[in-house]
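Engineer: This one is model_17.txt, compact mmCIF, C-alpha atoms and all ligand atoms.
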```
# COMPACT_ATOMS: atom_id res chain seq x y z
CA MET A 21 32.31 3.40 -71.66
CA PRO A 22 32.14 0.33 -69.43
CA GLY A 23 30.71 -2.76 -71.15
CA ALA A 24 27.62 -4.77 -70.10
CA LEU A 25 29.74 -6.85 -67.75
CA ALA A 26 30.07 -3.77 -65.56
CA ASP A 27 26.50 -4.34 -64.35
CA ARG A 28 27.22 -7.79 -62.97
CA PRO A 29 28.02 -8.40 -59.29
CA ILE A 30 31.42 -9.06 -57.75
CA GLY A 31 31.58 -12.32 -55.81
CA VAL A 32 33.29 -12.15 -52.41
CA PHE A 33 33.95 -15.37 -50.58
CA ASP A 34 35.21 -16.58 -47.21
CA SER A 35 34.75 -19.63 -45.00
CA GLY A 36 32.48 -17.47 -42.86
CA ILE A 37 32.24 -13.93 -41.58
CA GLY A 38 35.93 -12.98 -41.92
CA GLY A 39 35.61 -11.74 -45.49
CA LEU A 40 33.23 -9.03 -44.27
CA SER A 41 36.40 -7.19 -43.19
CA VAL A 42 37.48 -7.19 -46.84
CA LEU A 43 33.98 -6.37 -48.06
CA ASN A 44 34.07 -3.18 -45.97
CA ALA A 45 37.16 -2.03 -47.86
CA LEU A 46 35.69 -3.11 -51.19
CA ARG A 47 32.54 -1.06 -50.60
CA ASP A 48 34.62 1.99 -49.77
CA ALA A 49 36.75 1.65 -52.90
CA LEU A 50 33.92 0.56 -55.22
CA PRO A 51 30.78 2.42 -54.10
CA HIS A 52 28.72 1.66 -57.23
CA GLU A 53 29.29 -2.08 -57.31
CA ARG A 54 26.89 -4.87 -56.38
CA PHE A 55 28.48 -7.60 -54.24
CA ALA A 56 27.40 -11.20 -53.71
CA TYR A 57 29.03 -12.23 -50.43
CA PHE A 58 29.18 -15.97 -49.81
CA ALA A 59 30.01 -17.41 -46.36
CA ASP A 60 30.70 -21.14 -46.47
CA THR A 61 29.39 -21.46 -42.92
CA ALA A 62 28.46 -25.14 -43.30
CA HIS A 63 32.15 -25.96 -43.79
CA ALA A 64 33.86 -23.32 -41.61
CA PRO A 65 36.42 -22.97 -40.26
CA TYR A 66 38.78 -23.94 -43.08
CA GLY A 67 42.04 -23.33 -41.25
CA GLU A 68 42.62 -26.82 -39.85
CA ARG A 69 40.87 -28.83 -42.58
CA GLY A 70 43.76 -29.64 -44.91
CA ASP A 71 44.37 -27.96 -48.23
CA ALA A 72 42.70 -30.55 -50.51
CA TYR A 73 39.40 -30.05 -48.69
CA VAL A 74 39.70 -26.25 -48.76
CA ALA A 75 40.64 -26.28 -52.46
CA GLN A 76 37.61 -28.43 -53.30
CA ARG A 77 35.23 -26.14 -51.37
CA THR A 78 36.76 -23.04 -52.94
CA ARG A 79 36.29 -24.37 -56.46
CA THR A 80 32.69 -25.39 -55.69
CA VAL A 81 31.82 -21.95 -54.33
CA ALA A 82 33.50 -20.18 -57.27
CA ARG A 83 31.48 -22.23 -59.77
CA TYR A 84 28.29 -21.55 -57.82
CA LEU A 85 28.89 -17.78 -57.81
CA ARG A 86 29.73 -17.77 -61.50
CA ASP A 87 26.84 -19.99 -62.64
CA ARG A 88 24.08 -18.79 -60.30
CA HIS A 89 25.01 -15.16 -59.76
CA GLY A 90 26.81 -14.31 -63.01
CA ILE A 91 29.70 -12.63 -61.25
CA LYS A 92 32.21 -10.60 -63.26
CA ALA A 93 34.96 -10.93 -60.65
CA LEU A 94 35.74 -13.05 -57.61
CA VAL A 95 37.51 -11.77 -54.51
CA VAL A 96 38.71 -14.72 -52.44
CA ALA A 97 38.54 -12.85 -49.12
CA CYS A 98 40.18 -15.73 -47.27
CA ASN A 99 43.92 -16.27 -46.88
CA THR A 100 43.38 -19.99 -46.35
CA ALA A 101 41.36 -20.50 -49.55
CA THR A 102 43.78 -18.31 -51.51
CA ALA A 103 46.74 -20.36 -50.29
CA ALA A 104 45.02 -23.64 -51.16
CA ALA A 105 43.41 -22.85 -54.50
CA ILE A 106 44.09 -19.50 -56.17
CA HIS A 107 46.19 -21.04 -58.98
CA GLU A 108 43.52 -23.64 -59.74
CA LEU A 109 40.80 -20.97 -59.70
CA ARG A 110 42.68 -18.80 -62.18
CA ALA A 111 43.22 -21.80 -64.47
CA GLU A 112 39.57 -22.83 -64.23
CA HIS A 113 38.15 -19.32 -64.83
CA PRO A 114 40.45 -17.62 -67.34
CA ASN A 115 37.80 -15.01 -68.18
CA LEU A 116 37.03 -14.02 -64.61
CA THR A 117 38.95 -11.39 -62.67
CA VAL A 118 40.18 -13.33 -59.63
CA VAL A 119 41.76 -11.54 -56.66
CA GLY A 120 43.16 -13.35 -53.62
CA VAL A 121 44.50 -12.28 -50.24
CA GLU A 122 47.73 -13.31 -48.58
CA PRO A 123 49.37 -12.32 -45.31
CA ALA A 124 50.93 -8.88 -45.82
CA LEU A 125 54.56 -9.79 -45.13
CA LYS A 126 56.04 -7.29 -47.58
CA PRO A 127 54.14 -4.27 -46.24
CA ALA A 128 55.11 -5.42 -42.74
CA VAL A 129 58.81 -5.36 -43.64
CA ALA A 130 58.36 -1.81 -44.93
CA ALA A 131 56.50 -0.77 -41.76
CA SER A 132 58.74 -2.37 -39.13
CA SER A 133 61.55 -0.42 -37.47
CA THR A 134 62.84 -3.22 -35.23
CA GLY A 135 62.77 -5.85 -37.99
CA HIS A 136 60.80 -8.23 -35.76
CA ILE A 137 57.37 -9.13 -37.10
CA ALA A 138 54.71 -11.55 -35.85
CA VAL A 139 52.36 -13.25 -38.30
CA LEU A 140 49.06 -14.73 -37.16
CA ALA A 141 47.29 -16.98 -39.68
CA THR A 142 45.61 -20.35 -40.00
CA ARG A 143 47.58 -23.58 -40.12
CA VAL A 144 46.58 -24.30 -43.74
CA THR A 145 47.88 -20.86 -44.71
CA VAL A 146 51.23 -21.04 -42.94
CA GLU A 147 51.87 -24.62 -44.06
CA SER A 148 51.09 -23.84 -47.72
CA ARG A 149 53.67 -23.75 -50.49
CA LYS A 150 52.45 -20.30 -51.47
CA PHE A 151 53.22 -18.92 -48.01
CA ALA A 152 56.60 -20.69 -47.90
CA ALA A 153 57.55 -19.01 -51.18
CA LEU A 154 56.46 -15.59 -49.91
CA HIS A 155 58.41 -16.07 -46.69
CA ALA A 156 61.50 -17.28 -48.58
CA SER A 157 61.35 -14.25 -50.90
CA LEU A 158 61.88 -12.04 -47.83
CA ALA A 159 64.67 -14.09 -46.28
CA GLY A 160 67.06 -11.88 -44.34
CA ARG A 161 64.79 -8.82 -44.57
CA ALA A 162 63.15 -9.35 -41.15
CA ASP A 163 62.71 -11.86 -38.35
CA PHE A 164 59.24 -13.39 -38.73
CA ARG A 165 57.54 -15.23 -35.85
CA ILE A 166 54.91 -17.26 -37.64
CA ILE A 167 52.10 -18.54 -35.45
CA PRO A 168 49.44 -21.00 -36.70
CA CYS A 169 46.39 -19.96 -34.69
CA ASP A 170 44.39 -23.17 -34.39
CA GLY A 171 40.86 -22.53 -33.16
CA LEU A 172 40.96 -18.73 -33.34
CA ALA A 173 38.88 -18.24 -36.52
CA GLY A 174 36.40 -20.80 -35.15
CA ALA A 175 36.09 -18.88 -31.88
CA ILE A 176 35.48 -15.63 -33.80
CA GLU A 177 32.96 -17.36 -36.06
CA GLY A 178 31.09 -18.68 -33.01
CA GLY A 179 31.32 -15.41 -31.05
CA ASP A 180 33.10 -17.24 -28.21
CA ALA A 181 34.51 -14.29 -26.23
CA ALA A 182 36.30 -16.43 -23.63
CA GLY A 183 37.91 -18.56 -26.34
CA ILE A 184 38.99 -15.48 -28.29
CA ALA A 185 40.59 -13.96 -25.18
CA ALA A 186 42.42 -17.16 -24.17
CA LEU A 187 43.69 -17.94 -27.67
CA SER A 188 44.75 -14.34 -28.35
CA GLU A 189 46.79 -14.31 -25.18
CA ARG A 190 48.32 -17.73 -25.87
CA TYR A 191 49.36 -17.00 -29.45
CA LEU A 192 50.72 -13.52 -28.78
CA ARG A 193 52.72 -14.82 -25.81
CA GLN A 194 54.08 -17.54 -28.09
CA ALA A 195 55.15 -14.88 -30.63
CA GLY A 196 57.41 -13.11 -28.12
CA SER A 197 57.87 -9.68 -26.62
CA PHE A 198 56.01 -6.75 -28.24
CA GLY A 199 57.10 -3.11 -28.29
CA THR A 200 59.29 -0.69 -30.14
CA ALA A 201 62.62 -1.32 -28.35
CA PRO A 202 65.40 -3.10 -30.28
CA GLY A 203 64.68 -6.84 -30.45
CA GLN A 204 60.95 -6.41 -29.82
CA ILE A 205 58.13 -7.19 -32.25
CA ASP A 206 56.71 -3.87 -33.45
CA THR A 207 54.50 -5.13 -36.30
CA LEU A 208 51.69 -7.71 -36.29
CA VAL A 209 50.39 -9.19 -39.54
CA LEU A 210 46.72 -10.19 -39.35
CA GLY A 211 47.01 -13.05 -41.84
CA CYS A 212 43.40 -14.21 -41.60
CA THR A 213 40.45 -12.04 -42.57
CA HIS A 214 38.65 -12.94 -39.34
CA TYR A 215 41.32 -11.28 -37.18
CA PRO A 216 40.61 -7.57 -37.87
CA PHE A 217 37.37 -8.13 -35.93
CA ILE A 218 39.34 -8.92 -32.77
CA ALA A 219 41.90 -6.12 -33.15
CA ALA A 220 40.89 -4.63 -29.79
CA GLU A 221 41.43 -7.96 -28.00
CA LEU A 222 44.80 -8.48 -29.69
CA ARG A 223 45.84 -4.98 -28.74
CA ARG A 224 45.15 -5.69 -25.08
CA HIS A 225 47.95 -8.24 -25.19
CA CYS A 226 50.54 -6.47 -27.32
CA GLY A 227 50.05 -2.79 -26.52
CA GLU A 228 49.24 0.42 -28.36
CA ALA A 229 52.59 0.93 -30.07
CA VAL A 230 52.46 -2.18 -32.24
CA ARG A 231 51.38 -1.66 -35.83
CA PHE A 232 48.68 -4.00 -37.19
CA ILE A 233 48.70 -4.84 -40.89
CA ASP A 234 45.77 -6.34 -42.77
CA THR A 235 44.97 -6.59 -46.43
CA GLY A 236 41.46 -5.18 -46.90
CA ALA A 237 42.41 -1.83 -48.44
CA PRO A 238 45.15 -3.04 -50.83
CA VAL A 239 42.93 -5.90 -52.03
CA ALA A 240 40.10 -3.45 -52.71
CA LEU A 241 42.41 -1.15 -54.69
CA GLN A 242 43.78 -4.09 -56.69
CA THR A 243 40.20 -5.19 -57.49
CA ARG A 244 39.36 -1.68 -58.67
CA ARG A 245 42.50 -1.51 -60.81
CA LEU A 246 41.80 -4.87 -62.49
CA LEU A 247 38.13 -4.06 -63.16
CA ALA A 248 39.06 -0.67 -64.63
CA GLN A 249 41.66 -2.33 -66.86
CA ALA A 250 39.03 -4.80 -68.08
CA GLY A 251 36.50 -1.99 -68.70
CA GLN A 252 34.17 -3.61 -66.14
CA LEU A 253 34.02 -0.99 -63.42
CA ALA A 254 30.51 0.15 -62.35
CA THR A 255 30.68 3.93 -62.35
CA GLU A 256 27.12 4.89 -61.53
CA GLY A 257 24.12 3.73 -59.52
CA GLU A 258 23.84 2.62 -55.94
CA GLY A 259 26.00 -0.17 -54.59
CA ALA A 260 24.38 -3.19 -52.91
CA VAL A 261 25.25 -6.34 -51.01
CA ALA A 262 23.54 -9.73 -51.24
CA LEU A 263 24.46 -12.04 -48.36
CA LEU A 264 24.58 -15.77 -49.10
CA SER A 265 25.66 -18.66 -46.94
CA SER A 266 25.73 -22.46 -46.97
CA ALA A 267 24.27 -22.67 -43.42
CA ALA A 268 22.91 -20.50 -40.62
CA PRO A 269 22.03 -17.36 -42.60
CA GLU A 270 20.94 -15.65 -39.39
CA ALA A 271 24.54 -15.83 -38.07
CA LEU A 272 25.80 -14.06 -41.19
CA ASP A 273 23.00 -11.49 -40.86
CA ALA A 274 23.98 -10.76 -37.30
CA ALA A 275 27.67 -10.48 -38.20
CA ALA A 276 26.90 -8.21 -41.15
CA ALA A 277 24.70 -5.98 -39.00
CA ARG A 278 27.55 -5.74 -36.51
CA TRP A 279 30.55 -5.51 -38.80
CA LEU A 280 29.51 -4.06 -42.14
CA ALA A 281 29.87 -0.31 -42.06
CA ARG A 282 26.45 0.03 -43.71
CA SER A 283 24.46 -3.10 -43.04
CA GLY A 284 23.44 -5.36 -45.93
CA VAL A 285 20.26 -7.18 -46.84
CA PRO A 286 19.21 -10.33 -44.94
CA ALA A 287 21.30 -13.38 -45.72
CA ALA A 288 19.88 -16.20 -47.84
CA LEU A 289 20.69 -19.87 -47.63
CA ALA A 290 22.57 -20.84 -50.80
CA GLY A 291 23.26 -24.27 -52.20
CA ALA A 292 26.93 -24.32 -53.17
N1 LIG B 1 39.11 -16.02 -42.87
C1 LIG B 1 39.94 -17.06 -43.31
C2 LIG B 1 41.34 -16.67 -43.66
O1 LIG B 1 41.59 -15.54 -44.00
C3 LIG B 1 39.70 -18.47 -42.90
C4 LIG B 1 39.60 -18.79 -41.47
C5 LIG B 1 39.16 -20.22 -41.28
O2 LIG B 1 38.12 -20.59 -41.83
O3 LIG B 1 39.86 -20.97 -40.60
O4 LIG B 1 42.24 -17.48 -43.64
```
How would this structure read if it were set down as structure tokens?
Ligand code: DGL
Structural biologist:
Amino acid sequence: MPGALADRPIGVFDSGIGGLSVLNALRDALPHERFAYFADTAHAPYGERGDAYVAQRTRTVARYLRDRHGIKALVVACNTATAAAIHELRAEHPNLTVVGVEPALKPAVAASSTGHIAVLATRVTVESRKFAALHASLAGRADFRIIPCDGLAGAIEGGDAAGIAALSERYLRQAGSFGTAPGQIDTLVLGCTHYPFIAAELRRHCGEAVRFIDTGAPVALQTRRLLAQAGQLATEGEGAVALLSSAAPEALDAAAARWLARSGVPAALAGA
């Protein structure tokens, strides 16, 4: 029998709308759960802010979700926030199930035939110690072209189609030649949760044969596994989503209506 904690919501957090790509996978894997999704829109994008700033915001949002929404688990649906603060979060909330996301380098190695992999992520992510350790752990297993995509999450957040197109082209050109021939990049890691929303645009520049790897589904399965282990899985009742943001709730509403497979309730302005 699940305990009383099973009834509490799961917090899901990103700098903005990107984490909705993870929330989609979470809702598929955990259909009976209630989710409190927080977009830190007032402080987005995080990717070029510096890690001390991102760590401070991440800790503030985590405390807000715990204290005001009584969450039983927190999914940091942001590679940048995970890179900057996941260790601190775990230390600060020893009784909370905390799940982070990181660029899926290992699955990319398994998926690639040519051994040439491009990684798109924010600057804070790729310059973090956590990412350096992950990269070093795979030394010699593949050739990684790591591209810090300044401005791209911001363009997605702002719905700037021309910016998205120009930056996608620039960063993919910078990565190198895409395809399945020897020496070509056959696998693209979407190392920022905003990027799955521009998969079609990215594909225009690198072609149909390239495999895209993101982390929504594995993160959702890991969340389910940890909640089941803790006896905190909701196993009955209807799932729900509460949308919260630190600014511009209507922008989150519009993004959720567009991107969430089943659209959520209207977003509320929250004071984290
Ligand atoms: N969606 C985020 C990530 O996965 C952050 C993007 C940003 O705010 O720069 O890294």
Engineer: Any residue with an atom at most 7 Å from ligand LIG 1 (chain B) counts, using all atoms listed in the file. Which are they? Put them as a compact mmCIF listing (two decimals) with C-alpha atoms, keeping the file's coordinate frame.
Structural biologist:
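Produced file pocket-v7.txt, reproduced below:
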```
# COMPACT_ATOMS: atom_id res chain seq x y z
CA ASP A 34 35.21 -16.58 -47.21
CA SER A 35 34.75 -19.63 -45.00
CA GLY A 36 32.48 -17.47 -42.86
CA GLY A 38 35.93 -12.98 -41.92
CA GLY A 39 35.61 -11.74 -45.49
CA ALA A 64 33.86 -23.32 -41.61
CA PRO A 65 36.42 -22.97 -40.26
CA TYR A 66 38.78 -23.94 -43.08
CA GLY A 67 42.04 -23.33 -41.25
CA GLU A 68 42.62 -26.82 -39.85
CA ALA A 97 38.54 -12.85 -49.12
CA CYS A 98 40.18 -15.73 -47.27
CA ASN A 99 43.92 -16.27 -46.88
CA THR A 100 43.38 -19.99 -46.35
CA ALA A 101 41.36 -20.50 -49.55
CA ALA A 141 47.29 -16.98 -39.68
CA THR A 142 45.61 -20.35 -40.00
CA THR A 145 47.88 -20.86 -44.71
CA ALA A 173 38.88 -18.24 -36.52
CA GLY A 174 36.40 -20.80 -35.15
CA GLY A 211 47.01 -13.05 -41.84
CA CYS A 212 43.40 -14.21 -41.60
CA THR A 213 40.45 -12.04 -42.57
CA HIS A 214 38.65 -12.94 -39.34
```
Engineer: Using Å and a single decimal, report how far CA of Ala111 in chain A sits from CA of Val74 in chain A.
Structural biologist: 16.7 Å
Engineer: Smallest atom-to-atom distance to Asp48 in chain A: which of A:Cys169, A:Ala153, A:Ala271, A:Ala240, using all atoms listed in the file?
Structural biologist: A:Ala240
Engineer: Show me the residues around (23.2, -9.6, -43.0) - criterion: an atom at most 12 Å away, only C-alpha atoms counted - as a count of residues only.
Structural biologist: 34
Engineer: Nearest to Gly178 in chain A among A:Ile30, A:Gly120, A:Arg88, A:Thr61, with distances taken over all atoms listed in the file: which residue is it?
Structural biologist: A:Thr61
